[in-house]
>>> print(open('target_36.cif').read())   # mmCIF, C-alpha atoms
data_data
#
loop_
_atom_site.group_PDB
_atom_site.id
_atom_site.type_symbol
_atom_site.label_atom_id
_atom_site.label_comp_id
_atom_site.auth_asym_id
_atom_site.auth_seq_id
_atom_site.Cartn_x
_atom_site.Cartn_y
_atom_site.Cartn_z
ATOM 1 C CA MET B 15 95.423 83.928 76.673
ATOM 2 C CA ASN B 16 95.020 86.918 78.957
ATOM 3 C CA THR B 17 98.273 86.783 80.890
ATOM 4 C CA LEU B 18 97.430 89.262 83.694
ATOM 5 C CA ARG B 19 95.001 87.789 86.203
ATOM 6 C CA GLN B 20 93.759 88.482 89.700
ATOM 7 C CA PHE B 21 94.331 85.782 92.322
ATOM 8 C CA GLU B 22 93.649 85.009 95.987
ATOM 9 C CA LEU B 23 96.353 83.409 98.123
ATOM 10 C CA LEU B 24 95.594 80.042 99.708
ATOM 11 C CA GLU B 25 98.695 80.306 101.898
ATOM 12 C CA ASP B 26 101.141 83.020 102.965
ATOM 13 C CA LEU B 27 103.521 84.420 100.345
ATOM 14 C CA ARG B 28 106.955 85.446 101.601
ATOM 15 C CA PRO B 29 109.290 87.747 99.685
ATOM 16 C CA TYR B 30 111.070 85.877 96.866
ATOM 17 C CA GLY B 31 109.106 82.713 97.624
ATOM 18 C CA SER B 32 106.052 81.028 96.167
ATOM 19 C CA ALA B 33 102.562 80.145 97.380
ATOM 20 C CA ARG B 34 99.457 78.331 96.206
ATOM 21 C CA ALA B 35 96.654 80.583 94.983
ATOM 22 C CA VAL B 36 93.336 80.410 93.178
ATOM 23 C CA LEU B 37 92.567 82.484 90.095
ATOM 24 C CA LEU B 38 89.614 84.876 90.311
ATOM 25 C CA SER B 39 87.084 85.483 87.553
ATOM 26 C CA TRP B 40 84.792 88.466 87.004
ATOM 27 C CA ASN B 41 81.044 87.702 87.161
ATOM 28 C CA GLY B 42 79.894 91.177 86.078
ATOM 29 C CA ARG B 43 79.656 92.556 89.633
ATOM 30 C CA SER B 44 82.565 91.129 91.585
ATOM 31 C CA TYR B 45 85.440 88.661 91.440
ATOM 32 C CA ASP B 46 84.658 85.032 92.307
ATOM 33 C CA ARG B 47 87.087 82.237 93.106
ATOM 34 C CA SER B 48 87.530 79.874 90.166
ATOM 35 C CA GLN B 49 88.405 76.191 90.459
ATOM 36 C CA GLU B 50 91.828 76.839 88.886
ATOM 37 C CA GLN B 51 94.686 76.705 91.388
ATOM 38 C CA ILE B 52 98.131 78.053 90.513
ATOM 39 C CA GLU B 53 101.479 78.576 92.175
ATOM 40 C CA VAL B 54 102.449 82.254 92.366
ATOM 41 C CA PHE B 55 106.159 83.132 92.427
ATOM 42 C CA ASP B 56 107.484 86.415 93.803
ATOM 43 C CA PHE B 57 110.584 87.919 92.194
ATOM 44 C CA ILE B 58 110.161 91.529 93.453
ATOM 45 C CA GLY B 59 110.008 91.164 97.256
ATOM 46 C CA LEU B 60 106.246 91.115 97.876
ATOM 47 C CA HIS B 61 104.609 89.820 101.028
ATOM 48 C CA GLY B 62 101.052 88.548 101.280
ATOM 49 C CA ASP B 63 99.019 86.637 103.804
ATOM 50 C CA ARG B 64 96.497 83.890 103.132
ATOM 51 C CA ARG B 65 93.301 85.364 101.560
ATOM 52 C CA HIS B 66 95.103 88.479 100.269
ATOM 53 C CA ARG B 67 94.372 89.250 96.637
ATOM 54 C CA GLY B 68 96.742 90.517 93.991
ATOM 55 C CA TYR B 69 97.753 90.373 90.349
ATOM 56 C CA ALA B 70 99.930 87.822 88.609
ATOM 57 C CA ARG B 71 101.304 87.586 85.111
ATOM 58 C CA HIS B 72 101.941 84.314 83.335
ATOM 59 C CA SER B 73 105.467 84.681 81.989
ATOM 60 C CA PRO B 74 106.154 83.104 78.607
ATOM 61 C CA ASP B 75 109.860 82.978 79.545
ATOM 62 C CA SER B 76 109.668 81.197 82.899
ATOM 63 C CA GLN B 77 106.282 79.514 82.252
ATOM 64 C CA LYS B 78 105.355 80.549 85.824
ATOM 65 C CA TRP B 79 102.737 82.817 87.354
ATOM 66 C CA GLU B 80 104.704 85.803 88.672
ATOM 67 C CA ALA B 81 103.215 88.148 91.287
ATOM 68 C CA VAL B 82 103.300 91.715 89.977
ATOM 69 C CA GLY B 83 101.627 93.592 92.841
ATOM 70 C CA GLY B 84 98.345 94.716 94.263
ATOM 71 C CA LEU B 85 98.447 92.383 97.273
ATOM 72 C CA ARG B 86 95.765 93.455 99.728
ATOM 73 C CA GLU B 87 93.036 92.052 101.923
ATOM 74 C CA PRO B 88 89.781 91.175 100.165
ATOM 75 C CA VAL B 89 87.096 93.838 100.577
ATOM 76 C CA GLU B 90 84.760 91.596 102.561
ATOM 77 C CA SER B 91 87.380 91.182 105.306
ATOM 78 C CA TRP B 92 87.286 94.859 106.303
ATOM 79 C CA LEU B 93 83.666 95.827 105.574
ATOM 80 C CA PRO B 94 81.515 96.200 108.706
ATOM 81 C CA TYR B 95 79.006 93.393 109.275
#
>>> encode(input="target_36.cif", output="structure tokens")
Amino acid sequence: MNTLRQFELLEDLRPYGSARAVLLSWNGRSYDRSQEQIEVFDFIGLHGDRRHRGYARHSPDSQKWEAVGGLREPVESWLPY
């Protein structure tokens, strides 16, 4: 299992909290939302708003998806129309 995955938040993530997210999958040109929802836990003080994307690692120790960084707005939210 590839343990480092990109995700998109479905709700706000507060430092040291958790939030629902959806895993993203690569289609050869861009990342698409998958049907797989996860709960992302933050242990390093990250903050993210709904729709922000980042990276999570599935920890074999905690058996949880842990946010590891990269939280930012998706590209389409800041491209001009």
>>> resolve_selection(input="target_36.cif", expression="the PyMOL selection byres ((chain B and resi 70-84) around 8)", output="number ranges by chain")
B: 17-21, 52-58, 60, 67-69, 85-86
>>> resolve_selection(input="target_36.cif", expression="the PyMOL selection byres ((chain B and resi 36-40) around 9)", output="MDAnalysis selection string")
chainID B and resid 19:24 34:35 41:53
>>> write_last_selection(input="target_36.cif", atoms="C-alpha atoms", output="CSV table (one decimal), in the frame of the given file")
chain,number,residue,atom,x,y,z
B,19,ARG,CA,95.0,87.8,86.2
B,20,GLN,CA,93.8,88.5,89.7
B,21,PHE,CA,94.3,85.8,92.3
B,22,GLU,CA,93.6,85.0,96.0
B,23,LEU,CA,96.4,83.4,98.1
B,24,LEU,CA,95.6,80.0,99.7
B,34,ARG,CA,99.5,78.3,96.2
B,35,ALA,CA,96.7,80.6,95.0
B,41,ASN,CA,81.0,87.7,87.2
B,42,GLY,CA,79.9,91.2,86.1
B,43,ARG,CA,79.7,92.6,89.6
B,44,SER,CA,82.6,91.1,91.6
B,45,TYR,CA,85.4,88.7,91.4
B,46,ASP,CA,84.7,85.0,92.3
B,47,ARG,CA,87.1,82.2,93.1
B,48,SER,CA,87.5,79.9,90.2
B,49,GLN,CA,88.4,76.2,90.5
B,50,GLU,CA,91.8,76.8,88.9
B,51,GLN,CA,94.7,76.7,91.4
B,52,ILE,CA,98.1,78.1,90.5
B,53,GLU,CA,101.5,78.6,92.2
>>> residues_around(input="target_36.cif", residues="Asp63 of chain B", least_positions_apart="2", cutoff="8 Å", atoms="all atoms listed in the file", output="PyMOL selection string")
chain B and resi 23+25-27+61+65-66
>>> build_atoms(input="target_36.cif", residues="segment 15-43 of chain B", atoms="N, CA and C atoms", output="PDB file, in the coordinates of the input")
ATOM      1  N   MET B  15      95.597  84.065  75.228  1.00  0.00           N
ATOM      2  CA  MET B  15      95.423  83.928  76.673  1.00  0.00           C
ATOM      3  C   MET B  15      95.701  85.280  77.333  1.00  0.00           C
ATOM      4  N   ASN B  16      94.798  85.703  78.178  1.00  0.00           N
ATOM      5  CA  ASN B  16      95.020  86.918  78.957  1.00  0.00           C
ATOM      6  C   ASN B  16      96.036  86.578  80.044  1.00  0.00           C
ATOM      7  N   THR B  17      97.197  87.199  79.985  1.00  0.00           N
ATOM      8  CA  THR B  17      98.273  86.783  80.890  1.00  0.00           C
ATOM      9  C   THR B  17      98.278  87.494  82.232  1.00  0.00           C
ATOM     10  N   LEU B  18      97.503  88.584  82.402  1.00  0.00           N
ATOM     11  CA  LEU B  18      97.430  89.262  83.694  1.00  0.00           C
ATOM     12  C   LEU B  18      96.113  88.882  84.350  1.00  0.00           C
ATOM     13  N   ARG B  19      96.207  88.265  85.521  1.00  0.00           N
ATOM     14  CA  ARG B  19      95.001  87.789  86.203  1.00  0.00           C
ATOM     15  C   ARG B  19      95.045  88.161  87.673  1.00  0.00           C
ATOM     16  N   GLN B  20      93.854  88.258  88.258  1.00  0.00           N
ATOM     17  CA  GLN B  20      93.759  88.482  89.700  1.00  0.00           C
ATOM     18  C   GLN B  20      93.703  87.124  90.385  1.00  0.00           C
ATOM     19  N   PHE B  21      94.297  87.043  91.576  1.00  0.00           N
ATOM     20  CA  PHE B  21      94.331  85.782  92.322  1.00  0.00           C
ATOM     21  C   PHE B  21      94.069  86.043  93.792  1.00  0.00           C
ATOM     22  N   GLU B  22      93.767  84.961  94.531  1.00  0.00           N
ATOM     23  CA  GLU B  22      93.649  85.009  95.987  1.00  0.00           C
ATOM     24  C   GLU B  22      94.567  83.940  96.557  1.00  0.00           C
ATOM     25  N   LEU B  23      95.404  84.339  97.519  1.00  0.00           N
ATOM     26  CA  LEU B  23      96.353  83.409  98.123  1.00  0.00           C
ATOM     27  C   LEU B  23      95.653  82.367  98.989  1.00  0.00           C
ATOM     28  N   LEU B  24      96.078  81.127  98.860  1.00  0.00           N
ATOM     29  CA  LEU B  24      95.594  80.042  99.708  1.00  0.00           C
ATOM     30  C   LEU B  24      96.528  79.799 100.885  1.00  0.00           C
ATOM     31  N   GLU B  25      97.712  80.391 100.816  1.00  0.00           N
ATOM     32  CA  GLU B  25      98.695  80.306 101.898  1.00  0.00           C
ATOM     33  C   GLU B  25      99.550  81.569 101.851  1.00  0.00           C
ATOM     34  N   ASP B  26     100.322  81.809 102.896  1.00  0.00           N
ATOM     35  CA  ASP B  26     101.141  83.020 102.965  1.00  0.00           C
ATOM     36  C   ASP B  26     102.212  83.024 101.872  1.00  0.00           C
ATOM     37  N   LEU B  27     102.464  84.221 101.334  1.00  0.00           N
ATOM     38  CA  LEU B  27     103.521  84.420 100.345  1.00  0.00           C
ATOM     39  C   LEU B  27     104.610  85.264 100.980  1.00  0.00           C
ATOM     40  N   ARG B  28     105.811  84.732 101.050  1.00  0.00           N
ATOM     41  CA  ARG B  28     106.955  85.446 101.601  1.00  0.00           C
ATOM     42  C   ARG B  28     107.776  86.040 100.468  1.00  0.00           C
ATOM     43  N   PRO B  29     108.474  87.140 100.728  1.00  0.00           N
ATOM     44  CA  PRO B  29     109.290  87.747  99.685  1.00  0.00           C
ATOM     45  C   PRO B  29     110.228  86.730  99.020  1.00  0.00           C
ATOM     46  N   TYR B  30     110.239  86.727  97.704  1.00  0.00           N
ATOM     47  CA  TYR B  30     111.070  85.877  96.866  1.00  0.00           C
ATOM     48  C   TYR B  30     110.745  84.395  96.996  1.00  0.00           C
ATOM     49  N   GLY B  31     109.548  84.093  97.500  1.00  0.00           N
ATOM     50  CA  GLY B  31     109.106  82.713  97.624  1.00  0.00           C
ATOM     51  C   GLY B  31     107.967  82.417  96.658  1.00  0.00           C
ATOM     52  N   SER B  32     107.214  81.385  96.967  1.00  0.00           N
ATOM     53  CA  SER B  32     106.052  81.028  96.167  1.00  0.00           C
ATOM     54  C   SER B  32     104.935  80.551  97.097  1.00  0.00           C
ATOM     55  N   ALA B  33     103.718  80.570  96.585  1.00  0.00           N
ATOM     56  CA  ALA B  33     102.562  80.145  97.380  1.00  0.00           C
ATOM     57  C   ALA B  33     101.459  79.667  96.446  1.00  0.00           C
ATOM     58  N   ARG B  34     100.635  78.775  96.967  1.00  0.00           N
ATOM     59  CA  ARG B  34      99.457  78.331  96.206  1.00  0.00           C
ATOM     60  C   ARG B  34      98.419  79.443  96.215  1.00  0.00           C
ATOM     61  N   ALA B  35      97.695  79.562  95.114  1.00  0.00           N
ATOM     62  CA  ALA B  35      96.654  80.583  94.983  1.00  0.00           C
ATOM     63  C   ALA B  35      95.559  80.049  94.072  1.00  0.00           C
ATOM     64  N   VAL B  36      94.436  80.734  94.075  1.00  0.00           N
ATOM     65  CA  VAL B  36      93.336  80.410  93.178  1.00  0.00           C
ATOM     66  C   VAL B  36      93.082  81.626  92.294  1.00  0.00           C
ATOM     67  N   LEU B  37      92.863  81.389  91.008  1.00  0.00           N
ATOM     68  CA  LEU B  37      92.567  82.484  90.095  1.00  0.00           C
ATOM     69  C   LEU B  37      91.147  82.977  90.338  1.00  0.00           C
ATOM     70  N   LEU B  38      90.929  84.263  90.144  1.00  0.00           N
ATOM     71  CA  LEU B  38      89.614  84.876  90.311  1.00  0.00           C
ATOM     72  C   LEU B  38      89.050  85.205  88.938  1.00  0.00           C
ATOM     73  N   SER B  39      87.732  85.125  88.817  1.00  0.00           N
ATOM     74  CA  SER B  39      87.084  85.483  87.553  1.00  0.00           C
ATOM     75  C   SER B  39      85.972  86.487  87.824  1.00  0.00           C
ATOM     76  N   TRP B  40      85.770  87.389  86.896  1.00  0.00           N
ATOM     77  CA  TRP B  40      84.792  88.466  87.004  1.00  0.00           C
ATOM     78  C   TRP B  40      83.420  87.934  86.614  1.00  0.00           C
ATOM     79  N   ASN B  41      82.396  88.166  87.459  1.00  0.00           N
ATOM     80  CA  ASN B  41      81.044  87.702  87.161  1.00  0.00           C
ATOM     81  C   ASN B  41      80.126  88.832  86.696  1.00  0.00           C
ATOM     82  N   GLY B  42      80.685  90.014  86.480  1.00  0.00           N
ATOM     83  CA  GLY B  42      79.894  91.177  86.078  1.00  0.00           C
ATOM     84  C   GLY B  42      79.661  92.152  87.213  1.00  0.00           C
ATOM     85  N   ARG B  43      79.827  91.692  88.464  1.00  0.00           N
ATOM     86  CA  ARG B  43      79.656  92.556  89.633  1.00  0.00           C
ATOM     87  C   ARG B  43      80.831  92.476  90.591  1.00  0.00           C
TER      88      ARG B  43
END
